[in-house]
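Pasting structure31.cif here (mmCIF, C-alpha atoms):
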```
data_input
#
loop_
_atom_site.label_atom_id
_atom_site.label_comp_id
_atom_site.auth_asym_id
_atom_site.auth_seq_id
_atom_site.Cartn_x
_atom_site.Cartn_y
_atom_site.Cartn_z
CA MET Y 1 -32.62 -8.36 -86.09
CA ASN Y 2 -33.13 -4.95 -84.61
CA GLY Y 3 -33.17 -2.04 -87.06
CA ALA Y 4 -30.17 0.15 -87.83
CA SER Y 5 -32.01 3.23 -86.61
CA ASP Y 6 -31.99 2.04 -82.98
CA ILE Y 7 -30.22 4.12 -80.31
CA GLY Y 8 -26.45 3.88 -80.60
CA TRP Y 9 -26.44 1.58 -83.60
CA GLY Y 10 -25.87 2.04 -87.31
CA GLY Y 11 -22.12 2.08 -87.93
CA GLU Y 12 -20.30 1.91 -91.24
CA PRO Y 13 -21.68 -0.73 -93.65
CA ARG Y 14 -19.85 -4.04 -93.34
CA GLY Y 15 -19.97 -7.36 -95.15
CA GLY Y 16 -20.37 -10.86 -93.77
CA PRO Y 17 -23.06 -13.35 -92.74
CA LEU Y 18 -23.74 -11.57 -89.42
CA VAL Y 19 -24.59 -8.15 -90.88
CA GLY Y 20 -27.49 -6.76 -88.83
CA VAL Y 21 -26.51 -8.52 -85.61
CA LYS Y 22 -25.77 -6.06 -82.79
CA VAL Y 23 -23.38 -6.98 -80.00
CA VAL Y 24 -22.51 -5.18 -76.76
CA GLU Y 25 -19.19 -6.31 -75.33
CA LEU Y 26 -18.44 -5.43 -71.72
CA ALA Y 27 -14.68 -5.04 -71.93
CA GLY Y 28 -12.58 -7.72 -70.31
CA MET Y 29 -9.57 -9.89 -71.12
CA GLY Y 30 -8.92 -13.13 -72.97
CA PRO Y 31 -11.75 -15.17 -74.47
CA GLY Y 32 -14.52 -12.54 -74.29
CA PRO Y 33 -12.74 -9.98 -76.47
CA HIS Y 34 -11.68 -12.73 -78.86
CA ALA Y 35 -15.27 -13.89 -79.24
CA ALA Y 36 -16.34 -10.29 -79.90
CA MET Y 37 -13.60 -9.94 -82.53
CA VAL Y 38 -14.76 -13.09 -84.33
CA LEU Y 39 -18.34 -11.85 -84.41
CA ALA Y 40 -17.17 -8.45 -85.69
CA ASP Y 41 -15.05 -10.17 -88.35
CA LEU Y 42 -18.18 -11.93 -89.60
CA GLY Y 43 -20.11 -8.68 -89.98
CA ALA Y 44 -21.76 -8.06 -86.60
CA GLU Y 45 -21.80 -4.50 -85.27
CA VAL Y 46 -19.92 -4.64 -81.97
CA LEU Y 47 -19.80 -1.88 -79.36
CA ARG Y 48 -17.10 -2.45 -76.74
CA VAL Y 49 -17.95 -0.72 -73.45
CA HIS Y 50 -14.84 -0.02 -71.39
CA ARG Y 51 -13.85 1.94 -68.32
CA PRO Y 52 -12.66 5.48 -69.07
CA GLY Y 53 -8.94 5.35 -69.78
CA HIS Y 54 -8.93 1.57 -70.20
CA ALA Y 55 -9.92 1.07 -73.83
CA GLY Y 56 -7.24 -1.52 -74.45
CA SER Y 57 -5.16 -1.78 -77.59
CA GLY Y 58 -3.99 -4.17 -80.25
CA ALA Y 59 -5.27 -6.00 -83.27
CA SER Y 60 -7.74 -8.04 -81.19
CA LEU Y 61 -9.92 -4.90 -80.84
CA ARG Y 62 -10.43 -4.59 -84.58
CA GLY Y 63 -13.87 -4.05 -85.99
CA ARG Y 64 -15.37 -2.46 -82.86
CA ARG Y 65 -16.53 0.94 -81.72
CA LEU Y 66 -15.01 1.75 -78.34
CA ILE Y 67 -17.43 3.29 -75.85
CA ALA Y 68 -16.08 4.70 -72.55
CA ALA Y 69 -18.56 4.41 -69.70
CA ASP Y 70 -18.33 4.44 -65.91
CA LEU Y 71 -20.82 1.72 -64.98
CA LYS Y 72 -20.92 3.03 -61.40
CA ASN Y 73 -22.24 6.34 -62.74
CA ALA Y 74 -26.04 6.33 -62.98
CA ASP Y 75 -26.17 8.32 -66.22
CA ASP Y 76 -23.57 6.19 -67.98
CA LEU Y 77 -25.21 3.01 -66.72
CA ASP Y 78 -28.56 4.16 -68.08
CA ARG Y 79 -27.05 4.84 -71.50
CA VAL Y 80 -25.43 1.42 -71.59
CA CYS Y 81 -28.73 -0.19 -70.58
CA ARG Y 82 -30.42 1.57 -73.48
CA LEU Y 83 -27.79 0.14 -75.84
CA ILE Y 84 -28.38 -3.34 -74.46
CA ASP Y 85 -32.13 -2.86 -74.89
CA ARG Y 86 -31.56 -2.77 -78.66
CA ALA Y 87 -28.80 -5.41 -78.82
CA ASP Y 88 -29.03 -8.97 -80.06
CA VAL Y 89 -26.07 -10.21 -78.03
CA LEU Y 90 -24.24 -9.20 -74.87
CA ILE Y 91 -20.81 -10.64 -74.01
CA GLU Y 92 -19.29 -10.39 -70.52
CA GLY Y 93 -16.38 -12.18 -68.91
CA PHE Y 94 -16.43 -11.06 -65.26
CA ARG Y 95 -16.52 -13.31 -62.23
CA PRO Y 96 -20.01 -14.58 -61.43
CA GLY Y 97 -22.07 -11.92 -59.68
CA VAL Y 98 -20.18 -8.84 -60.92
CA THR Y 99 -22.67 -7.78 -63.59
CA GLU Y 100 -25.53 -8.44 -61.17
CA ARG Y 101 -23.99 -5.98 -58.70
CA LEU Y 102 -23.60 -3.43 -61.50
CA GLY Y 103 -27.27 -3.73 -62.43
CA LEU Y 104 -26.44 -5.46 -65.73
CA GLY Y 105 -27.09 -9.06 -64.75
CA PRO Y 106 -28.93 -11.46 -67.04
CA ASP Y 107 -32.22 -11.27 -65.14
CA GLU Y 108 -32.38 -7.49 -65.50
CA CYS Y 109 -31.10 -7.29 -69.07
CA CYS Y 110 -33.24 -10.16 -70.37
CA ARG Y 111 -36.32 -8.72 -68.66
CA ARG Y 112 -35.80 -5.47 -70.56
CA ASN Y 113 -34.84 -7.20 -73.82
CA THR Y 114 -36.49 -10.60 -74.10
CA GLY Y 115 -34.65 -11.42 -77.34
CA LEU Y 116 -31.19 -10.85 -75.85
CA VAL Y 117 -28.56 -13.61 -76.07
CA TYR Y 118 -26.67 -12.97 -72.83
CA THR Y 119 -23.24 -14.62 -73.12
CA ARG Y 120 -21.06 -15.26 -70.06
CA VAL Y 121 -17.49 -16.37 -70.79
CA THR Y 122 -15.44 -17.57 -67.82
CA GLY Y 123 -12.83 -20.15 -66.91
CA TRP Y 124 -14.52 -22.06 -64.11
CA GLY Y 125 -18.15 -21.30 -65.06
CA GLN Y 126 -21.02 -19.71 -63.16
CA THR Y 127 -21.36 -22.54 -60.63
CA GLY Y 128 -19.16 -24.93 -58.66
CA PRO Y 129 -16.66 -24.59 -55.79
CA ARG Y 130 -14.05 -22.78 -57.92
CA SER Y 131 -16.43 -20.37 -59.63
CA GLN Y 132 -15.25 -17.38 -57.56
CA GLN Y 133 -11.54 -18.19 -57.80
CA ALA Y 134 -9.06 -16.49 -60.11
CA GLY Y 135 -7.52 -18.59 -62.85
CA HIS Y 136 -5.89 -18.57 -66.25
CA ASP Y 137 -5.72 -20.84 -69.27
CA ILE Y 138 -3.02 -23.05 -67.75
CA ASN Y 139 -5.14 -23.66 -64.64
CA TYR Y 140 -8.28 -24.57 -66.58
CA ILE Y 141 -6.64 -27.04 -68.96
CA GLY Y 142 -4.60 -28.41 -66.08
CA LEU Y 143 -7.76 -29.34 -64.20
CA THR Y 144 -9.43 -30.91 -67.24
CA GLY Y 145 -6.66 -33.46 -67.90
CA LEU Y 146 -5.56 -31.91 -71.18
CA LEU Y 147 -2.35 -30.27 -69.96
CA HIS Y 148 -1.13 -33.54 -68.46
CA ALA Y 149 -1.21 -35.11 -71.93
CA MET Y 150 1.17 -32.54 -73.47
CA GLY Y 151 4.93 -32.84 -73.67
CA THR Y 152 7.59 -35.49 -73.30
CA PRO Y 153 7.66 -37.91 -70.36
CA ASP Y 154 10.99 -36.57 -69.04
CA ARG Y 155 9.81 -32.97 -68.72
CA PRO Y 156 6.89 -31.16 -67.06
CA PRO Y 157 3.75 -30.73 -69.21
CA VAL Y 158 4.18 -27.99 -71.82
CA PRO Y 159 1.50 -25.23 -72.00
CA PRO Y 160 0.12 -24.94 -75.58
CA LEU Y 161 0.24 -21.13 -75.45
CA ASN Y 162 -3.29 -20.10 -74.34
CA LEU Y 163 -4.98 -21.58 -77.40
CA VAL Y 164 -6.65 -24.68 -75.97
CA GLY Y 165 -8.32 -22.99 -73.00
CA ASP Y 166 -8.93 -19.29 -73.58
CA TYR Y 167 -9.61 -19.40 -77.29
CA GLY Y 168 -10.47 -22.98 -78.25
CA GLY Y 169 -12.45 -23.95 -75.16
CA GLY Y 170 -13.61 -20.45 -74.27
CA SER Y 171 -14.20 -17.91 -77.00
CA MET Y 172 -14.98 -20.29 -79.85
CA PHE Y 173 -17.57 -22.16 -77.78
CA ALA Y 174 -19.03 -18.78 -76.78
CA VAL Y 175 -19.33 -17.91 -80.48
CA LEU Y 176 -20.89 -21.31 -81.15
CA GLY Y 177 -23.38 -20.68 -78.36
CA VAL Y 178 -24.26 -17.23 -79.69
CA LEU Y 179 -24.89 -18.53 -83.19
CA ALA Y 180 -26.95 -21.48 -81.95
CA ALA Y 181 -29.04 -19.20 -79.73
CA LEU Y 182 -29.64 -16.78 -82.60
CA VAL Y 183 -30.85 -19.64 -84.79
CA GLU Y 184 -33.17 -20.89 -82.02
CA ARG Y 185 -34.49 -17.36 -81.49
CA GLN Y 186 -35.77 -17.28 -85.06
CA GLY Y 187 -38.42 -19.78 -84.00
CA SER Y 188 -39.06 -18.88 -80.37
CA GLY Y 189 -38.53 -15.13 -80.53
CA ARG Y 190 -36.71 -15.35 -77.19
CA GLY Y 191 -33.10 -15.01 -76.16
CA GLN Y 192 -31.34 -16.97 -73.44
CA VAL Y 193 -28.29 -17.01 -71.18
CA ILE Y 194 -25.16 -18.85 -72.34
CA ASP Y 195 -22.72 -20.12 -69.71
CA ALA Y 196 -19.57 -20.61 -71.81
CA ALA Y 197 -16.97 -21.99 -69.40
CA ILE Y 198 -13.51 -23.08 -70.49
CA VAL Y 199 -13.72 -26.14 -68.22
CA ASN Y 200 -16.69 -27.27 -70.33
CA GLY Y 201 -15.41 -26.27 -73.75
CA ALA Y 202 -11.80 -27.46 -73.54
CA PRO Y 203 -12.68 -31.11 -72.77
CA ALA Y 204 -15.09 -31.05 -75.71
CA LEU Y 205 -12.13 -30.08 -77.91
CA GLY Y 206 -10.20 -33.05 -76.53
CA HIS Y 207 -13.01 -35.57 -76.93
CA VAL Y 208 -10.74 -37.89 -78.91
CA LEU Y 209 -8.58 -38.47 -75.82
CA TRP Y 210 -11.54 -39.77 -73.82
CA SER Y 211 -12.67 -41.84 -76.78
CA MET Y 212 -9.25 -43.43 -77.16
CA LEU Y 213 -8.92 -43.89 -73.40
CA GLY Y 214 -12.23 -45.70 -73.39
CA ASP Y 215 -11.16 -48.31 -75.93
CA GLY Y 216 -7.61 -48.74 -74.69
CA ARG Y 217 -5.78 -46.69 -77.30
CA TRP Y 218 -4.69 -43.90 -74.93
CA SER Y 219 -2.59 -44.01 -71.78
CA ASP Y 220 -2.25 -41.36 -69.08
CA GLN Y 221 1.45 -42.18 -69.14
CA ARG Y 222 3.11 -39.71 -71.52
CA GLY Y 223 5.62 -41.31 -73.85
CA THR Y 224 3.34 -44.08 -75.04
CA ASN Y 225 0.76 -42.27 -77.18
CA ILE Y 226 0.69 -41.20 -80.80
CA PHE Y 227 -0.68 -37.65 -80.71
CA ASP Y 228 1.39 -36.41 -77.75
CA GLY Y 229 4.66 -36.50 -79.70
CA SER Y 230 5.76 -39.89 -78.37
CA ALA Y 231 5.51 -41.64 -81.74
CA PRO Y 232 8.60 -41.02 -83.91
CA PHE Y 233 6.36 -40.61 -86.96
CA TYR Y 234 4.25 -37.86 -85.31
CA CYS Y 235 6.56 -35.27 -83.78
CA THR Y 236 9.10 -32.60 -84.65
CA TYR Y 237 12.78 -32.96 -85.57
CA GLU Y 238 15.65 -30.51 -85.47
CA CYS Y 239 17.42 -29.92 -88.78
CA GLY Y 240 21.02 -29.14 -89.53
CA ASP Y 241 20.59 -25.36 -89.24
CA GLY Y 242 18.62 -25.40 -85.99
CA GLY Y 243 15.25 -25.19 -87.72
CA TYR Y 244 12.56 -27.82 -87.33
CA VAL Y 245 10.24 -29.96 -89.41
CA ALA Y 246 6.85 -31.36 -88.38
CA VAL Y 247 6.34 -35.04 -89.19
CA GLY Y 248 2.78 -36.40 -89.32
CA ALA Y 249 3.28 -39.64 -91.25
CA LEU Y 250 0.55 -41.58 -89.48
CA GLU Y 251 -0.69 -43.81 -92.28
CA PRO Y 252 1.56 -46.64 -93.57
CA GLU Y 253 1.67 -45.26 -97.11
CA PHE Y 254 2.67 -41.79 -95.88
CA PHE Y 255 5.29 -43.31 -93.58
CA ALA Y 256 6.71 -45.30 -96.49
CA GLU Y 257 6.86 -42.17 -98.64
CA MET Y 258 8.73 -40.32 -95.91
CA LEU Y 259 11.32 -43.08 -95.61
CA ARG Y 260 11.73 -43.14 -99.40
CA LEU Y 261 12.45 -39.41 -99.57
CA LEU Y 262 14.77 -39.65 -96.57
CA GLU Y 263 16.55 -42.53 -98.34
CA ILE Y 264 16.08 -44.81 -95.35
CA ASP Y 265 15.73 -48.55 -95.95
CA PRO Y 266 12.47 -49.65 -94.24
CA GLY Y 267 14.08 -52.97 -93.50
CA THR Y 268 16.46 -51.31 -91.03
CA LEU Y 269 13.52 -50.21 -88.87
CA GLY Y 270 10.90 -52.20 -87.00
CA ALA Y 271 7.19 -52.16 -87.76
CA GLN Y 272 5.79 -48.65 -87.70
CA ARG Y 273 3.34 -49.22 -84.81
CA ASP Y 274 5.60 -51.51 -82.74
CA LYS Y 275 6.43 -49.34 -79.73
CA VAL Y 276 9.39 -51.53 -78.84
CA GLY Y 277 11.19 -50.23 -81.92
CA TRP Y 278 10.27 -46.57 -81.45
CA PRO Y 279 13.52 -45.53 -79.68
CA GLU Y 280 15.66 -46.84 -82.55
CA MET Y 281 13.30 -45.37 -85.16
CA ARG Y 282 13.51 -41.97 -83.45
CA ARG Y 283 17.32 -42.19 -83.31
CA VAL Y 284 17.56 -42.89 -87.04
CA LEU Y 285 15.13 -40.13 -87.98
CA THR Y 286 16.84 -37.66 -85.65
CA GLU Y 287 20.25 -38.31 -87.20
CA THR Y 288 18.86 -38.13 -90.73
CA PHE Y 289 17.02 -34.81 -90.35
CA ARG Y 290 20.12 -33.25 -88.77
CA GLN Y 291 22.07 -33.87 -91.97
CA ARG Y 292 20.44 -31.00 -93.90
CA PRO Y 293 18.97 -27.53 -93.23
CA ARG Y 294 15.24 -27.12 -92.77
CA ASP Y 295 14.63 -25.42 -96.10
CA ASP Y 296 16.48 -28.20 -97.93
CA TRP Y 297 14.10 -30.73 -96.39
CA THR Y 298 11.18 -28.46 -97.30
CA ARG Y 299 12.19 -28.73 -100.96
CA VAL Y 300 12.66 -32.51 -100.70
CA PHE Y 301 9.15 -33.04 -99.34
CA ASP Y 302 7.38 -30.34 -101.36
CA GLY Y 303 4.48 -31.86 -103.30
CA SER Y 304 4.69 -35.25 -101.59
CA ASP Y 305 2.23 -37.08 -99.35
CA ALA Y 306 4.87 -37.78 -96.71
CA CYS Y 307 3.25 -35.25 -94.35
CA VAL Y 308 6.54 -33.52 -93.57
CA THR Y 309 6.42 -29.72 -93.47
CA PRO Y 310 8.60 -26.94 -92.06
CA VAL Y 311 7.92 -25.51 -88.61
CA LEU Y 312 7.66 -21.81 -89.44
CA THR Y 313 7.99 -18.89 -87.07
CA VAL Y 314 5.11 -16.45 -86.69
CA ALA Y 315 6.93 -13.99 -88.97
CA GLU Y 316 7.74 -16.66 -91.57
CA ALA Y 317 4.18 -17.99 -91.74
CA ALA Y 318 2.91 -14.92 -93.58
CA GLU Y 319 5.33 -15.64 -96.44
CA ASP Y 320 4.26 -19.24 -97.01
CA ALA Y 321 2.86 -19.84 -100.50
CA GLN Y 322 -0.13 -21.89 -99.31
CA LEU Y 323 -1.14 -19.30 -96.72
CA GLN Y 324 -0.67 -16.49 -99.23
CA ALA Y 325 -2.85 -18.31 -101.75
CA ARG Y 326 -5.57 -18.54 -99.10
CA ASP Y 327 -5.17 -14.89 -98.04
CA VAL Y 328 -4.75 -16.13 -94.48
CA PHE Y 329 -3.17 -12.86 -93.34
CA VAL Y 330 -4.17 -9.24 -93.89
CA GLU Y 331 -2.65 -5.92 -92.90
CA VAL Y 332 -4.79 -3.62 -90.77
CA ASP Y 333 -3.46 -0.21 -89.74
CA GLY Y 334 0.07 -1.34 -90.50
CA VAL Y 335 -0.18 -4.55 -88.46
CA ARG Y 336 -0.12 -7.96 -90.14
CA GLN Y 337 -2.71 -10.29 -88.59
CA PRO Y 338 -4.94 -13.26 -89.40
CA ALA Y 339 -7.84 -12.56 -91.75
CA PRO Y 340 -11.45 -13.39 -90.80
CA ALA Y 341 -12.32 -17.08 -91.02
CA PRO Y 342 -14.01 -19.17 -92.31
CA LEU Y 343 -14.69 -18.11 -95.89
CA PHE Y 344 -18.22 -17.64 -97.27
CA SER Y 345 -19.37 -17.92 -100.89
CA ARG Y 346 -22.29 -15.44 -100.84
CA THR Y 347 -21.61 -13.21 -97.83
CA PRO Y 348 -17.85 -12.76 -97.59
CA ALA Y 349 -16.50 -10.84 -94.62
CA SER Y 350 -15.15 -7.34 -95.18
CA GLN Y 351 -11.54 -6.36 -94.72
CA PRO Y 352 -11.05 -5.83 -90.96
CA VAL Y 353 -10.81 -2.22 -89.78
CA PRO Y 354 -9.12 -0.78 -86.69
CA ALA Y 355 -11.17 -0.07 -83.59
CA ARG Y 356 -12.91 3.32 -83.66
CA ASP Y 357 -13.35 5.59 -80.67
CA GLY Y 358 -16.90 6.29 -79.54
CA SER Y 359 -16.18 7.36 -75.96
CA LEU Y 360 -18.71 9.17 -73.79
CA THR Y 361 -17.28 12.65 -74.25
CA PRO Y 362 -19.10 15.90 -75.03
CA THR Y 363 -18.23 15.48 -78.71
CA SER Y 364 -19.22 11.85 -78.97
CA ARG Y 365 -22.40 11.51 -76.92
CA PRO Y 366 -24.65 11.13 -80.00
CA PRO Y 367 -24.15 7.32 -80.17
CA PHE Y 368 -26.28 7.09 -77.01
CA ARG Y 369 -29.12 9.45 -78.01
#
```
Structure rendered as structure tokens:
Amino acid sequence: MNGASDIGWGGEPRGGPLVGVKVVELAGMGPGPHAAMVLADLGAEVLRVHRPGHAGSGASLRGRRLIAADLKNADDLDRVCRLIDRADVLIEGFRPGVTERLGLGPDECCRRNTGLVYTRVTGWGQTGPRSQQAGHDINYIGLTGLLHAMGTPDRPPVPPLNLVGDYGGGSMFAVLGVLAALVERQGSGRGQVIDAAIVNGAPALGHVLWSMLGDGRWSDQRGTNIFDGSAPFYCTYECGDGGYVAVGALEPEFFAEMLRLLEIDPGTLGAQRDKVGWPEMRRVLTETFRQRPRDDWTRVFDGSDACVTPVLTVAEAAEDAQLQARDVFVEVDGVRQPAPAPLFSRTPASQPVPARDGSLTPTSRPPFR
């Protein structure tokens, strides 16, 4: 990795397996900033270059130094180029061709810095008939077949927040690409360009659907599959107080344990995997779960292998005993948020810190000297 004495680098000491890795993030929205946050969480030094007056805000900017630069200004552009010259990784999420027009395209940057891992995070990718079109998470997963598989058959498909596309198929595959390229660079000494497109990553997340479709265990008709909520033993149920429980009793022994704790005679239901009996099974389970509040059911199933757990709100999740035991959440600058993940035995990540200003002002120009 490049030395800490390089131009613009050498921030506060941090912990984590990526200490020494230097990342320039060209500020954008969605998966790019998330990928930069993950790398910063794991110890990389990340400089986020943003337009003056558009630094952004929120917990997703944690761990970075914020550098204001007008990339259409020759002096600012030169300073940013000098930062990239000493970087290990660059992350950008613009439409194809934008960084080229700015003079920061992969050909130019990789010519100046042959070890650079140039990471492009987009929805449609760098090529193809839609590559220049606007889009969002819902559009990308809609085109890949994943959105169609979500929800009940009597309602339109339900968007899974923006987790499957932006973050699962986009930023996390960008991070995977960065790490793989850094490992390869140890042998070759050369960087490369990563085209991390959501339309490539999201289907890879959903590989099990294509696998099951191939051997006849999945149907494109919602209401007949196990993992889409159609199976009465793999879905959610409303409780007596309006709360919900999540039921994942897939295996026969777990299903039997659930029925035992619900005090339901298995003989009154059909075979677990017989779809003909699913409507009646769902009716019985629905009526049973409505008899008691969610937290009562939580106590009933606590410690069992029935695979029945409460559906917690975002605020409630931070108070869960399992998540507290794992230190899943931390507080940064007064804001509760997820802690860095995964956990490492020898090189644990440091406590996240808020973003720090390093804008191009007369008092803060030293980072670029």
- Message: Taking 2 positions as the minimum chain separation for residues in the same chain, which residues sit within 12 Å of Pro310 of chain Y when counting all atoms listed in the file? Answer as a PyMOL selection string.
- Response: chain Y and resi 235-239+242-248+289+293-302+307-308+312-313+316-317+320
- Task: Fewer than 3 positions away in the same chain doesn't count, so skip those; otherwise give me all residues within 8 Å of segment 143-159 of chain Y, counting only C-alpha atoms, as a PyMOL selection string.
- Result: chain Y and resi 138-140+162+199+202-203+206+220-223+228-230
- Item | Result set of the PyMOL selection byres ((chain Y and resi 331-348) around 8) on the coordinates above, as a PyMOL selection string | chain Y and resi 15-17+38+41-42+59+327-330+349-354
- For this file, the PyMOL selection byres ((chain Y and resi 170) around 7) selects which residues, as number ranges by chain? Y: 31, 121, 165-169, 171-174, 196-198, 201
- Query: Exactly which residues make up the result of the PyMOL selection byres ((chain Y and resi 48) around 9) on this file, given as a list of chain:residue names?
  - Reply: Y:Val23, Y:Val24, Y:Glu25, Y:Leu26, Y:Ala27, Y:Pro33, Y:Ala36, Y:Val46, Y:Leu47, Y:Val49, Y:His50, Y:Ala55, Y:Leu61, Y:Arg64, Y:Arg65, Y:Leu66, Y:Ile67, Y:Ala68
- Figure out the distance between atom CA of Glu45 of chain Y and atom CA of Thr114 of chain Y, please, to one decimal in Å.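 According to the coordinates, atom CA of Thr114 of chain Y and atom CA of Glu45 of chain Y are separated by 19.4 Å.
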- Item | Cut-off 6 Å around (-24.6, -8.5, -88.8) with all atoms listed in the file: residues as a list in words |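 Taken together, the residues in range are Leu18, Val19, Gly20, Val21, Gly43 and Ala44 of chain Y.
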- Determine, counting only C-alpha atoms, which protein, DNA and RNA residues have an atom within 12 Å of an atom of Cys109 of chain Y; residues of the same chain fewer than 3 positions away are not included. Present the result as a count of residues only. 32
- Mind checking which residues fall within 8 Å of segment 272-288 of chain Y, counting all atoms listed in the file, ignoring those fewer than 4 positions away in the same chain, and posting them as a PyMOL selection string? chain Y and resi 224+231-232+237-238+252+255+262+292
- Just how far from atom CA of Lys72 of chain Y is atom CA of Lys22 of chain Y, in Å to one decimal?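 These two atoms are separated by 23.7 Å.
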- Could you jot down the atom CA of Glu253 of chain Y to atom CA of Met212 of chain Y separation for me, Å, one decimal place? 22.8 Å
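If you measure from each of Y:Arg217, Y:Cys110, Y:Val314, Y:Ser304 to Leu259 of chain Y using all atoms listed in the file, the closest one turns out to be Y:Ser304.
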